[in-house]
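Participant: First the structure, which I've put down as structure tokens, then a few questions once you've had a look.
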Amino acid sequence: MFSPEIRRATTWVLTVLGGLLIVAALVLPPDLNLLTPLAFLRIPVEAIAGFGLVLLLPGRARRVVAILAGVLLALLTVLKVTDMGFNVAFERPFDLVTDWSFFGPAFDLLEKSAGHAGAIAEVAGIGLLAVAFTVALVFAALRLTKLAAGHRRTAFRTLAVLAVLWIGCAVSGLQFAENQPIAARTTASLAYHNAIQVGAEIKDQRQFAQESSVDAYRNTPPDQLLTALRGKNVLLVFVESYGRVAVQGSDIAPKVDAVLDAGTNSLRAAGFDARSGFLTSSTTGGGSWLAHSTLESGLWISNQKRYTTVTSSDRLTLASAFRHAGWRTVNDQPANFADWPEGDFYDYSQRYDFRSIGYQGPGFGYASMPDQFALAQLQQAELAKPDHPPVMAELDLVSSHWPWAPLPRMVGWNELGDGSVFNPMPAQGKTTGEVWSDPAKVRAAYGDSIVYSLTALISYLQTYGDDNTVMVFLGDHQPNTAVTGGEAAGRDVPISIVAKDPAVLDRISGWGWDSGLHPGPRAPVWPMNAFRDRFFAAYSPKSP
């Protein structure tokens, strides 16, 4: 059908494209910040070594090695792309041992934005693309090794020249830009570091076993725990992505600080006072459950393996301590749509999720319902009941969860009903596409979401708080790098304790926390896992 000239030209075009594909896969950086056109003009040492090896092999072994190399390169390229996403979201690469659990929440997030069918279609499309990419790399490796074997002398000379160039560039340190050396070994380094990581994870588990075996409060009698909070309703509220960047050192901080300062004044007028500081979270950008378990258990839960280990243990948590000491303990997760077996670890008397809250309004991005409705539901279901026992409740607020659009607005507390009052708001707000078209708009939308969540909390305390209300609210982690700008922003999150009873705050006078809801630049910073024991010590006079 086609002339010999066309077939020869097609063969050479496919060969050149195959070579470019292999080189591109080898030099592709795992960090989105390094993804520039110059990154693809480097010399990959893996190509030199790989083709040198296959040229020494007989025909059948050469083909087998080429196929295996193509598959391995495809897998490592997928790992690089995954690293890019994790570096943006969590400021660290993907952990081959512990991070598989993140794909479940990622699918949930995708499902909320694209619908169930859309999420399945997108995942299937990604899978097909990965398979097609693998086939293309295998095809390219076979074609190039066949060509090299047919022109062995020329191939060896070419590889020798490239090897000399690579060594010269490596010794001289030549690079196109910072962290982009011309003598590239990107894929080999990735494979090496992931292999080392497996050993590090095994060592980490041994270390964690030693850490978790120590618990100063394990054998404390219930009647000696939390005695200074007897009769109080204690609300532990996590505000999604409420990080230091929201209150200090950013263009977001002024409007958030204004809400905190005004809230401090209005709460004081209502008889409340507050103390605030910072905790360093065990995670950043996501993985809220790691932060929750860190605060509750007093252990540093920085990866999924540690989380699985601790939630399978009998470690004393804040919630279980309150329950043992006589409180009714409640967990409220408005964004959870499924059973949560790990909840057994915390020993809650009652768990609420989206299915049991009764919300009939619209979703707002990731958030299944506005924070104001979640707060009101907890009030009605638990705290408004006459003659109820003291309640300790953990509530996870998610209106400030990525992608920060659209956002709800506050309404009157007596107007909430079943949530249908919010129906018009998503269409009236900004869309995700509109917000994410500009980095400045992303930061502004994040700030607006934090303002909304804090406004809801402050308004809740003004409306429903009483002499027996004690609220501890904090961020779970910093937002992702689209807001923070990178690793330099750190992992600190604000934390505040609010109460009407002066005796509650007097118990923590030695902490050195700042007065009010707004922690200043010099406010104390503790690791998040230190909070449990310090809280126990402050409110349990007979502490160990």
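We name chains A, B, ... following the order of the structure tokens; residues begin at 1 in each chain, and ligands are numbered from 1 as shown.
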Could you name the residues that touch region 287-302 of chain A at 7 Å or less, counting only C-alpha atoms, but leaving out those on the same chain fewer than 3 positions away, as a list in words?
Facilitator: Ser212, Ser281, Ser282, Thr283, Arg306, Tyr307, Arg315, Leu316, Thr317, Leu318, Asp476, His477, Met528, Asn529, Ala530, Phe531, Arg532 and Asp533 of chain A
Participant: For the residues selected in the previous step, produce a file with all heavy atoms as a short mmCIF file (atom, residue, chain, number, x, y, z; two decimals), in the first residue's frame.
Facilitator:
```cif
data_model
loop_
_atom_site.label_atom_id
_atom_site.label_comp_id
_atom_site.auth_asym_id
_atom_site.auth_seq_id
_atom_site.Cartn_x
_atom_site.Cartn_y
_atom_site.Cartn_z
N SER A 212 5.45 4.17 71.43
CA SER A 212 4.08 3.92 71.85
C SER A 212 3.98 3.05 73.09
O SER A 212 2.92 3.00 73.73
CB SER A 212 3.29 3.28 70.70
OG SER A 212 3.89 2.08 70.28
N SER A 281 2.06 20.48 63.26
CA SER A 281 1.31 19.30 62.82
C SER A 281 2.24 18.21 62.29
O SER A 281 3.34 18.49 61.79
CB SER A 281 0.31 19.70 61.74
OG SER A 281 -0.40 18.58 61.26
N SER A 282 1.76 16.98 62.36
CA SER A 282 2.52 15.85 61.84
C SER A 282 2.36 15.69 60.33
O SER A 282 2.98 14.83 59.72
CB SER A 282 2.07 14.56 62.53
OG SER A 282 0.69 14.33 62.30
N THR A 283 1.53 16.53 59.72
CA THR A 283 1.31 16.45 58.28
C THR A 283 1.11 17.85 57.74
O THR A 283 0.96 18.81 58.51
CB THR A 283 0.08 15.56 57.97
OG1 THR A 283 -0.08 15.42 56.56
CG2 THR A 283 -1.19 16.15 58.55
N ARG A 306 1.99 4.15 60.76
CA ARG A 306 1.86 4.52 62.17
C ARG A 306 0.39 4.67 62.56
O ARG A 306 -0.02 4.27 63.65
CB ARG A 306 2.61 5.83 62.45
CG ARG A 306 4.12 5.69 62.49
CD ARG A 306 4.79 6.97 62.95
NE ARG A 306 6.20 6.73 63.26
CZ ARG A 306 6.88 7.36 64.20
NH1 ARG A 306 6.28 8.30 64.94
NH2 ARG A 306 8.15 7.09 64.43
N TYR A 307 -0.40 5.25 61.66
CA TYR A 307 -1.82 5.43 61.93
C TYR A 307 -2.51 4.08 62.10
O TYR A 307 -3.28 3.87 63.05
CB TYR A 307 -2.47 6.21 60.79
CG TYR A 307 -3.96 6.40 60.93
CD1 TYR A 307 -4.49 7.35 61.80
CD2 TYR A 307 -4.85 5.63 60.18
CE1 TYR A 307 -5.86 7.53 61.93
CE2 TYR A 307 -6.22 5.80 60.30
CZ TYR A 307 -6.71 6.75 61.17
OH TYR A 307 -8.07 6.92 61.30
N ARG A 315 -4.16 2.37 73.02
CA ARG A 315 -3.58 3.62 73.50
C ARG A 315 -4.67 4.54 74.06
O ARG A 315 -5.76 4.69 73.47
CB ARG A 315 -2.87 4.33 72.34
CG ARG A 315 -2.29 5.70 72.65
CD ARG A 315 -0.98 5.61 73.33
NE ARG A 315 -0.38 6.93 73.56
CZ ARG A 315 0.82 7.13 74.07
NH1 ARG A 315 1.56 6.08 74.40
NH2 ARG A 315 1.30 8.34 74.25
N LEU A 316 -4.40 5.18 75.20
CA LEU A 316 -5.34 6.14 75.78
C LEU A 316 -5.38 7.40 74.92
O LEU A 316 -4.34 7.99 74.62
CB LEU A 316 -4.89 6.50 77.20
CG LEU A 316 -5.84 7.42 77.98
CD1 LEU A 316 -7.12 6.68 78.36
CD2 LEU A 316 -5.14 7.97 79.23
N THR A 317 -6.57 7.80 74.52
CA THR A 317 -6.75 9.02 73.73
C THR A 317 -7.48 10.06 74.56
O THR A 317 -8.01 9.76 75.65
CB THR A 317 -7.56 8.74 72.46
OG1 THR A 317 -8.90 8.36 72.84
CG2 THR A 317 -6.94 7.62 71.63
N LEU A 318 -7.52 11.27 74.06
CA LEU A 318 -8.31 12.30 74.73
C LEU A 318 -9.75 11.84 74.88
O LEU A 318 -10.35 11.95 75.95
CB LEU A 318 -8.25 13.61 73.94
CG LEU A 318 -6.94 14.40 74.00
CD1 LEU A 318 -6.99 15.56 73.00
CD2 LEU A 318 -6.69 14.93 75.41
N ASP A 476 -5.82 21.47 61.48
CA ASP A 476 -5.23 20.12 61.40
C ASP A 476 -3.87 20.16 60.71
O ASP A 476 -2.96 19.43 61.06
CB ASP A 476 -6.17 19.14 60.68
CG ASP A 476 -6.75 19.70 59.40
OD1 ASP A 476 -6.31 20.78 58.94
OD2 ASP A 476 -7.66 19.07 58.84
N HIS A 477 -3.72 21.06 59.72
CA HIS A 477 -2.46 21.19 59.00
C HIS A 477 -2.48 22.46 58.17
O HIS A 477 -3.53 23.10 58.00
CB HIS A 477 -2.22 19.97 58.09
CG HIS A 477 -3.39 19.67 57.18
ND1 HIS A 477 -3.74 20.49 56.13
CD2 HIS A 477 -4.27 18.64 57.16
CE1 HIS A 477 -4.79 19.98 55.50
NE2 HIS A 477 -5.14 18.86 56.12
N MET A 528 2.56 18.75 67.96
CA MET A 528 1.16 18.41 68.19
C MET A 528 0.99 17.23 69.15
O MET A 528 0.02 17.17 69.92
CB MET A 528 0.46 18.12 66.86
CG MET A 528 -1.04 17.95 66.95
SD MET A 528 -1.84 17.82 65.35
CE MET A 528 -1.93 19.55 64.86
N ASN A 529 1.92 16.29 69.13
CA ASN A 529 1.78 15.13 70.01
C ASN A 529 2.04 15.46 71.48
O ASN A 529 1.76 14.65 72.35
CB ASN A 529 2.71 14.00 69.56
CG ASN A 529 4.17 14.41 69.58
OD1 ASN A 529 4.54 15.48 69.12
ND2 ASN A 529 5.04 13.55 70.10
N ALA A 530 2.53 16.67 71.77
CA ALA A 530 2.77 17.06 73.16
C ALA A 530 1.49 17.54 73.84
O ALA A 530 1.43 17.63 75.08
CB ALA A 530 3.82 18.17 73.23
N PHE A 531 0.47 17.84 73.05
CA PHE A 531 -0.73 18.47 73.62
C PHE A 531 -1.46 17.55 74.58
O PHE A 531 -1.89 17.99 75.65
CB PHE A 531 -1.68 18.91 72.50
CG PHE A 531 -2.93 19.56 73.01
CD1 PHE A 531 -2.93 20.89 73.40
CD2 PHE A 531 -4.12 18.84 73.13
CE1 PHE A 531 -4.09 21.49 73.89
CE2 PHE A 531 -5.27 19.43 73.62
CZ PHE A 531 -5.26 20.76 74.00
N ARG A 532 -1.62 16.28 74.25
CA ARG A 532 -2.41 15.38 75.09
C ARG A 532 -1.93 15.37 76.54
O ARG A 532 -2.70 15.60 77.47
CB ARG A 532 -2.38 13.96 74.52
CG ARG A 532 -3.36 13.01 75.19
CD ARG A 532 -2.94 11.55 75.07
NE ARG A 532 -1.78 11.24 75.92
CZ ARG A 532 -1.46 10.01 76.33
NH1 ARG A 532 -2.21 8.98 75.96
NH2 ARG A 532 -0.39 9.81 77.09
N ASP A 533 -0.65 15.13 76.73
CA ASP A 533 -0.12 15.02 78.09
C ASP A 533 -0.17 16.35 78.83
O ASP A 533 -0.43 16.39 80.04
CB ASP A 533 1.31 14.48 78.06
CG ASP A 533 1.35 12.98 77.79
OD1 ASP A 533 0.29 12.40 77.47
OD2 ASP A 533 2.44 12.39 77.88
#
```
Participant: Could you list, as a list in words, every residue within 12 Å of Leu17 (chain A), counting only C-alpha atoms and ignoring same-chain residues fewer than 6 positions away?
Facilitator: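 The filter keeps Thr10, Thr11, Val23, Ala24, Ala136, Leu137, Phe139, Ala140, Ala141, Arg143 and Leu144 of chain A.
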Participant: Using DSSP on the backbone coordinates, identify the residues of region 369-502 of chain A assigned to strand (DSSP E); present them as a list in words.
Facilitator: Val391, Met392, Ala393, Glu394, Leu395, Asp396, Leu397, Thr469, Val470, Met471, Val472, Phe473, Leu474, Gly475, Asp492, Val493, Pro494, Ile495, Ser496, Ile497, Val498 and Ala499 of chain A
Participant: Could you save those same residues with C-alpha atoms as a short mmCIF file (atom, residue, chain, number, x, y, z; two decimals), in the first residue's frame?
Facilitator:
```
data_model
loop_
_atom_site.label_atom_id
_atom_site.label_comp_id
_atom_site.auth_asym_id
_atom_site.auth_seq_id
_atom_site.Cartn_x
_atom_site.Cartn_y
_atom_site.Cartn_z
CA VAL A 391 -20.38 15.94 76.52
CA MET A 392 -16.94 15.76 74.98
CA ALA A 393 -17.27 16.08 71.21
CA GLU A 394 -14.79 16.13 68.35
CA LEU A 395 -16.14 17.99 65.33
CA ASP A 396 -14.31 18.14 62.01
CA LEU A 397 -15.17 21.28 60.02
CA THR A 469 -18.76 25.45 77.49
CA VAL A 470 -15.08 24.81 76.82
CA MET A 471 -13.98 24.86 73.20
CA VAL A 472 -10.57 23.83 71.90
CA PHE A 473 -10.27 24.67 68.21
CA LEU A 474 -7.25 24.29 66.00
CA GLY A 475 -6.07 23.64 62.47
CA ASP A 492 2.50 25.16 62.47
CA VAL A 493 -1.24 25.50 63.09
CA PRO A 494 -3.02 27.89 65.49
CA ILE A 495 -4.82 26.49 68.54
CA SER A 496 -7.15 28.29 70.94
CA ILE A 497 -8.94 27.33 74.15
CA VAL A 498 -12.11 29.32 74.86
CA ALA A 499 -14.16 29.28 78.07
#
```
Participant: For the atom pair CA of Ala25 (chain A) and CA of Leu73 (chain A), what is the interatomic distance in Å to one decimal place?
Facilitator: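 Going from CA of Ala25 (chain A) over to CA of Leu73 (chain A), I get 7.2 Å.
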Participant: List the spatial neighbours of region 88-91 of chain A as a PyMOL selection string - criterion: any atom at most 9 Å away, only C-alpha atoms, same-chain residues fewer than 2 positions off excluded.
Facilitator: chain A and resi 31-32+83-86+93+283-287+479-482+486-487
Participant: Would you please give, as a PyMOL selection string, all residues of region 316-452 of chain A that DSSP assigns to alpha helix (DSSP H) based on the backbone?
Facilitator: chain A and resi 318-324+343-346+354-357+371-378+425-428+432-435+439-452
Participant: Need the shell around Leu41 (chain A): protein/DNA/RNA residues with any atom at most 12 Å away, counting only C-alpha atoms. Skip same-chain ones fewer than 5 positions apart. Format as number ranges by chain?
Facilitator: A: 20, 23-28, 35-36, 175-177, 180-184
Participant: Any idea what's packed within 12 Å of Thr145 (chain A), counting only C-alpha atoms, ignoring anything in its chain fewer than 5 positions away? Could you give it as JSON, numbers by chain?
Facilitator: {"A": [15, 18, 19, 22, 47, 50, 51, 52, 53, 54, 55, 56, 57, 58, 59, 60, 61, 62, 63, 64, 65, 66, 67, 69, 70, 138, 139, 140, 150, 151, 152, 155]}
Participant: So which one's closest to Ala374 (chain A), A:Ala444, A:Val237, A:Leu68, A:Ile167? Using only C-alpha atoms, please.
Facilitator: A:Val237
Participant: Write out as a list in words which residues come within 12 Å of Ala191 (chain A) when counting only C-alpha atoms, dropping same-chain ones fewer than 2 positions away.
Facilitator: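 Once the adjacent positions are removed, what remains is Leu26, Pro30, Glu46, Leu72, Leu73, Leu75, Leu76, Thr77, Leu79, Lys80, Leu96, Arg185, Thr186, Thr187, Ala188, Ser189, His193, Asn194, Ala195, Ile196, Gln197 and Val198 of chain A.
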Participant: Ranking A:Val135, A:Ala124, A:Glu178, A:Asp448 by minimum distance to Leu38 (chain A) and counting only C-alpha atoms, which one comes first?
Facilitator: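 Nearest to Leu38 (chain A): A:Glu178.
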Participant: Please, what distance in Å, to one decimal, runs between CA of Arg355 (chain A) and CA of Val451 (chain A)?
Facilitator: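 For CA of Arg355 (chain A) relative to CA of Val451 (chain A), the distance reads 27.0 Å.
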Participant: Find the residue from A:Leu21, A:Leu454, A:Val78, A:Pro519 that sits nearest to Ile126 (chain A); use only C-alpha atoms when measuring.
Facilitator: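 The shortest atom-to-atom distance to Ile126 (chain A) comes from A:Val78.
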Participant: Could you jot down the CA of Thr220 (chain A) to CA of Pro389 (chain A) separation for me, Å, one decimal place?
Facilitator: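 Distance between the two atoms: 22.3 Å.
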Participant: Got a sec: who's within 12 Å of Val330 (chain A), counting only C-alpha atoms, leaving out chain neighbours fewer than 4 positions off, as a PDB file with N, CA, C and O atoms, in the first residue's frame?
Facilitator:
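What follows is the written file around_24.pdb:
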```pdb
ATOM      1  N   ASN A 233     -18.927  20.920  79.121  1.00  0.00           N
ATOM      2  CA  ASN A 233     -19.051  20.365  77.769  1.00  0.00           C
ATOM      3  C   ASN A 233     -17.823  20.806  76.985  1.00  0.00           C
ATOM      4  O   ASN A 233     -17.617  22.002  76.759  1.00  0.00           O
ATOM      5  N   VAL A 234     -17.004  19.852  76.614  1.00  0.00           N
ATOM      6  CA  VAL A 234     -15.721  20.146  75.983  1.00  0.00           C
ATOM      7  C   VAL A 234     -15.819  19.823  74.491  1.00  0.00           C
ATOM      8  O   VAL A 234     -16.058  18.667  74.111  1.00  0.00           O
ATOM      9  N   LEU A 235     -15.637  20.846  73.657  1.00  0.00           N
ATOM     10  CA  LEU A 235     -15.730  20.685  72.215  1.00  0.00           C
ATOM     11  C   LEU A 235     -14.340  20.799  71.602  1.00  0.00           C
ATOM     12  O   LEU A 235     -13.680  21.837  71.739  1.00  0.00           O
ATOM     13  N   LEU A 236     -13.895  19.739  70.963  1.00  0.00           N
ATOM     14  CA  LEU A 236     -12.613  19.726  70.258  1.00  0.00           C
ATOM     15  C   LEU A 236     -12.918  19.869  68.775  1.00  0.00           C
ATOM     16  O   LEU A 236     -13.469  18.960  68.154  1.00  0.00           O
ATOM     17  N   VAL A 237     -12.589  21.022  68.216  1.00  0.00           N
ATOM     18  CA  VAL A 237     -12.997  21.335  66.841  1.00  0.00           C
ATOM     19  C   VAL A 237     -11.764  21.501  65.960  1.00  0.00           C
ATOM     20  O   VAL A 237     -10.907  22.358  66.221  1.00  0.00           O
ATOM     21  N   LEU A 318      -7.516  11.273  74.057  1.00  0.00           N
ATOM     22  CA  LEU A 318      -8.308  12.301  74.733  1.00  0.00           C
ATOM     23  C   LEU A 318      -9.751  11.843  74.879  1.00  0.00           C
ATOM     24  O   LEU A 318     -10.354  11.953  75.955  1.00  0.00           O
ATOM     25  N   ALA A 319     -10.325  11.321  73.789  1.00  0.00           N
ATOM     26  CA  ALA A 319     -11.727  10.906  73.822  1.00  0.00           C
ATOM     27  C   ALA A 319     -11.951   9.765  74.808  1.00  0.00           C
ATOM     28  O   ALA A 319     -12.910   9.790  75.595  1.00  0.00           O
ATOM     29  N   SER A 320     -11.090   8.758  74.770  1.00  0.00           N
ATOM     30  CA  SER A 320     -11.292   7.617  75.672  1.00  0.00           C
ATOM     31  C   SER A 320     -11.091   8.031  77.123  1.00  0.00           C
ATOM     32  O   SER A 320     -11.776   7.527  78.028  1.00  0.00           O
ATOM     33  N   PHE A 322     -11.831  10.990  78.396  1.00  0.00           N
ATOM     34  CA  PHE A 322     -13.072  11.666  78.795  1.00  0.00           C
ATOM     35  C   PHE A 322     -14.179  10.644  79.050  1.00  0.00           C
ATOM     36  O   PHE A 322     -14.943  10.772  80.022  1.00  0.00           O
ATOM     37  N   ARG A 323     -14.276   9.635  78.192  1.00  0.00           N
ATOM     38  CA  ARG A 323     -15.337   8.645  78.382  1.00  0.00           C
ATOM     39  C   ARG A 323     -15.133   7.860  79.679  1.00  0.00           C
ATOM     40  O   ARG A 323     -16.079   7.646  80.443  1.00  0.00           O
ATOM     41  N   GLY A 343     -12.794   4.365  64.257  1.00  0.00           N
ATOM     42  CA  GLY A 343     -13.444   5.099  65.336  1.00  0.00           C
ATOM     43  C   GLY A 343     -13.515   4.319  66.627  1.00  0.00           C
ATOM     44  O   GLY A 343     -13.609   4.910  67.718  1.00  0.00           O
ATOM     45  N   ASP A 344     -13.451   2.989  66.534  1.00  0.00           N
ATOM     46  CA  ASP A 344     -13.461   2.170  67.748  1.00  0.00           C
ATOM     47  C   ASP A 344     -12.268   2.499  68.646  1.00  0.00           C
ATOM     48  O   ASP A 344     -12.363   2.415  69.869  1.00  0.00           O
ATOM     49  N   TYR A 346     -10.932   5.338  69.276  1.00  0.00           N
ATOM     50  CA  TYR A 346     -11.118   6.553  70.075  1.00  0.00           C
ATOM     51  C   TYR A 346     -12.148   6.363  71.187  1.00  0.00           C
ATOM     52  O   TYR A 346     -12.212   7.156  72.116  1.00  0.00           O
ATOM     53  N   ASP A 347     -12.977   5.328  71.086  1.00  0.00           N
ATOM     54  CA  ASP A 347     -13.942   4.989  72.137  1.00  0.00           C
ATOM     55  C   ASP A 347     -15.025   6.059  72.288  1.00  0.00           C
ATOM     56  O   ASP A 347     -15.309   6.532  73.400  1.00  0.00           O
ATOM     57  N   TYR A 348     -15.639   6.442  71.175  1.00  0.00           N
ATOM     58  CA  TYR A 348     -16.749   7.390  71.231  1.00  0.00           C
ATOM     59  C   TYR A 348     -18.042   6.697  71.623  1.00  0.00           C
ATOM     60  O   TYR A 348     -18.312   5.557  71.215  1.00  0.00           O
ATOM     61  N   SER A 349     -18.876   7.402  72.391  1.00  0.00           N
ATOM     62  CA  SER A 349     -20.205   6.882  72.713  1.00  0.00           C
ATOM     63  C   SER A 349     -21.126   6.973  71.502  1.00  0.00           C
ATOM     64  O   SER A 349     -22.025   6.142  71.329  1.00  0.00           O
ATOM     65  N   GLN A 350     -20.915   7.981  70.675  1.00  0.00           N
ATOM     66  CA  GLN A 350     -21.796   8.222  69.535  1.00  0.00           C
ATOM     67  C   GLN A 350     -20.973   8.789  68.385  1.00  0.00           C
ATOM     68  O   GLN A 350     -20.100   9.628  68.587  1.00  0.00           O
ATOM     69  N   ARG A 351     -21.277   8.317  67.185  1.00  0.00           N
ATOM     70  CA  ARG A 351     -20.632   8.868  65.993  1.00  0.00           C
ATOM     71  C   ARG A 351     -21.696   9.383  65.035  1.00  0.00           C
ATOM     72  O   ARG A 351     -22.703   8.710  64.792  1.00  0.00           O
ATOM     73  N   TYR A 352     -21.433  10.567  64.479  1.00  0.00           N
ATOM     74  CA  TYR A 352     -22.294  11.125  63.438  1.00  0.00           C
ATOM     75  C   TYR A 352     -21.475  11.279  62.161  1.00  0.00           C
ATOM     76  O   TYR A 352     -20.290  11.629  62.201  1.00  0.00           O
ATOM     77  N   ASP A 353     -22.122  11.017  61.027  1.00  0.00           N
ATOM     78  CA  ASP A 353     -21.523  11.340  59.733  1.00  0.00           C
ATOM     79  C   ASP A 353     -22.623  11.896  58.841  1.00  0.00           C
ATOM     80  O   ASP A 353     -23.756  12.129  59.301  1.00  0.00           O
ATOM     81  N   LEU A 378     -24.792  19.449  65.820  1.00  0.00           N
ATOM     82  CA  LEU A 378     -24.210  18.937  67.055  1.00  0.00           C
ATOM     83  C   LEU A 378     -24.923  19.534  68.274  1.00  0.00           C
ATOM     84  O   LEU A 378     -25.215  18.832  69.252  1.00  0.00           O
ATOM     85  N   GLN A 379     -25.229  20.817  68.185  1.00  0.00           N
ATOM     86  CA  GLN A 379     -25.930  21.477  69.284  1.00  0.00           C
ATOM     87  C   GLN A 379     -27.289  20.826  69.527  1.00  0.00           C
ATOM     88  O   GLN A 379     -27.647  20.482  70.665  1.00  0.00           O
ATOM     89  N   ALA A 381     -28.459  17.856  68.448  1.00  0.00           N
ATOM     90  CA  ALA A 381     -28.450  16.417  68.707  1.00  0.00           C
ATOM     91  C   ALA A 381     -27.930  16.077  70.091  1.00  0.00           C
ATOM     92  O   ALA A 381     -28.338  15.051  70.670  1.00  0.00           O
ATOM     93  N   GLU A 382     -27.043  16.898  70.653  1.00  0.00           N
ATOM     94  CA  GLU A 382     -26.390  16.536  71.907  1.00  0.00           C
ATOM     95  C   GLU A 382     -26.535  17.582  73.012  1.00  0.00           C
ATOM     96  O   GLU A 382     -26.931  17.270  74.132  1.00  0.00           O
ATOM     97  N   LEU A 383     -26.208  18.813  72.713  1.00  0.00           N
ATOM     98  CA  LEU A 383     -26.055  19.809  73.781  1.00  0.00           C
ATOM     99  C   LEU A 383     -27.348  20.506  74.160  1.00  0.00           C
ATOM    100  O   LEU A 383     -27.435  21.108  75.234  1.00  0.00           O
ATOM    101  N   PRO A 389     -25.855  14.453  80.091  1.00  0.00           N
ATOM    102  CA  PRO A 389     -24.575  14.364  80.810  1.00  0.00           C
ATOM    103  C   PRO A 389     -23.540  15.264  80.146  1.00  0.00           C
ATOM    104  O   PRO A 389     -23.732  15.693  79.000  1.00  0.00           O
ATOM    105  N   PRO A 390     -22.457  15.564  80.817  1.00  0.00           N
ATOM    106  CA  PRO A 390     -21.405  16.352  80.165  1.00  0.00           C
ATOM    107  C   PRO A 390     -20.951  15.659  78.874  1.00  0.00           C
ATOM    108  O   PRO A 390     -20.818  14.432  78.828  1.00  0.00           O
ATOM    109  N   VAL A 391     -20.737  16.460  77.846  1.00  0.00           N
ATOM    110  CA  VAL A 391     -20.384  15.938  76.523  1.00  0.00           C
ATOM    111  C   VAL A 391     -18.976  16.371  76.155  1.00  0.00           C
ATOM    112  O   VAL A 391     -18.591  17.529  76.355  1.00  0.00           O
ATOM    113  N   MET A 392     -18.203  15.426  75.645  1.00  0.00           N
ATOM    114  CA  MET A 392     -16.943  15.756  74.983  1.00  0.00           C
ATOM    115  C   MET A 392     -17.128  15.375  73.522  1.00  0.00           C
ATOM    116  O   MET A 392     -17.417  14.220  73.201  1.00  0.00           O
ATOM    117  N   ALA A 393     -17.017  16.340  72.625  1.00  0.00           N
ATOM    118  CA  ALA A 393     -17.271  16.078  71.212  1.00  0.00           C
ATOM    119  C   ALA A 393     -16.103  16.542  70.358  1.00  0.00           C
ATOM    120  O   ALA A 393     -15.565  17.638  70.565  1.00  0.00           O
ATOM    121  N   GLU A 394     -15.715  15.704  69.401  1.00  0.00           N
ATOM    122  CA  GLU A 394     -14.794  16.133  68.353  1.00  0.00           C
ATOM    123  C   GLU A 394     -15.598  16.398  67.095  1.00  0.00           C
ATOM    124  O   GLU A 394     -16.346  15.538  66.615  1.00  0.00           O
ATOM    125  N   LEU A 395     -15.439  17.587  66.534  1.00  0.00           N
ATOM    126  CA  LEU A 395     -16.144  17.986  65.327  1.00  0.00           C
ATOM    127  C   LEU A 395     -15.124  18.399  64.272  1.00  0.00           C
ATOM    128  O   LEU A 395     -14.245  19.223  64.551  1.00  0.00           O
ATOM    129  N   ASP A 396     -15.239  17.825  63.087  1.00  0.00           N
ATOM    130  CA  ASP A 396     -14.305  18.137  62.005  1.00  0.00           C
ATOM    131  C   ASP A 396     -14.994  19.038  60.988  1.00  0.00           C
ATOM    132  O   ASP A 396     -15.895  18.602  60.257  1.00  0.00           O
TER     133      ASP A 396
END
```
Participant: Name the closest residue to Asn303 (chain A) among the candidates A:Phe133, A:Ala488, A:Glu201, A:Arg534; distances are taken between atoms, counting only C-alpha atoms.
Facilitator: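 For Asn303 (chain A), the nearest of the candidates is A:Glu201.
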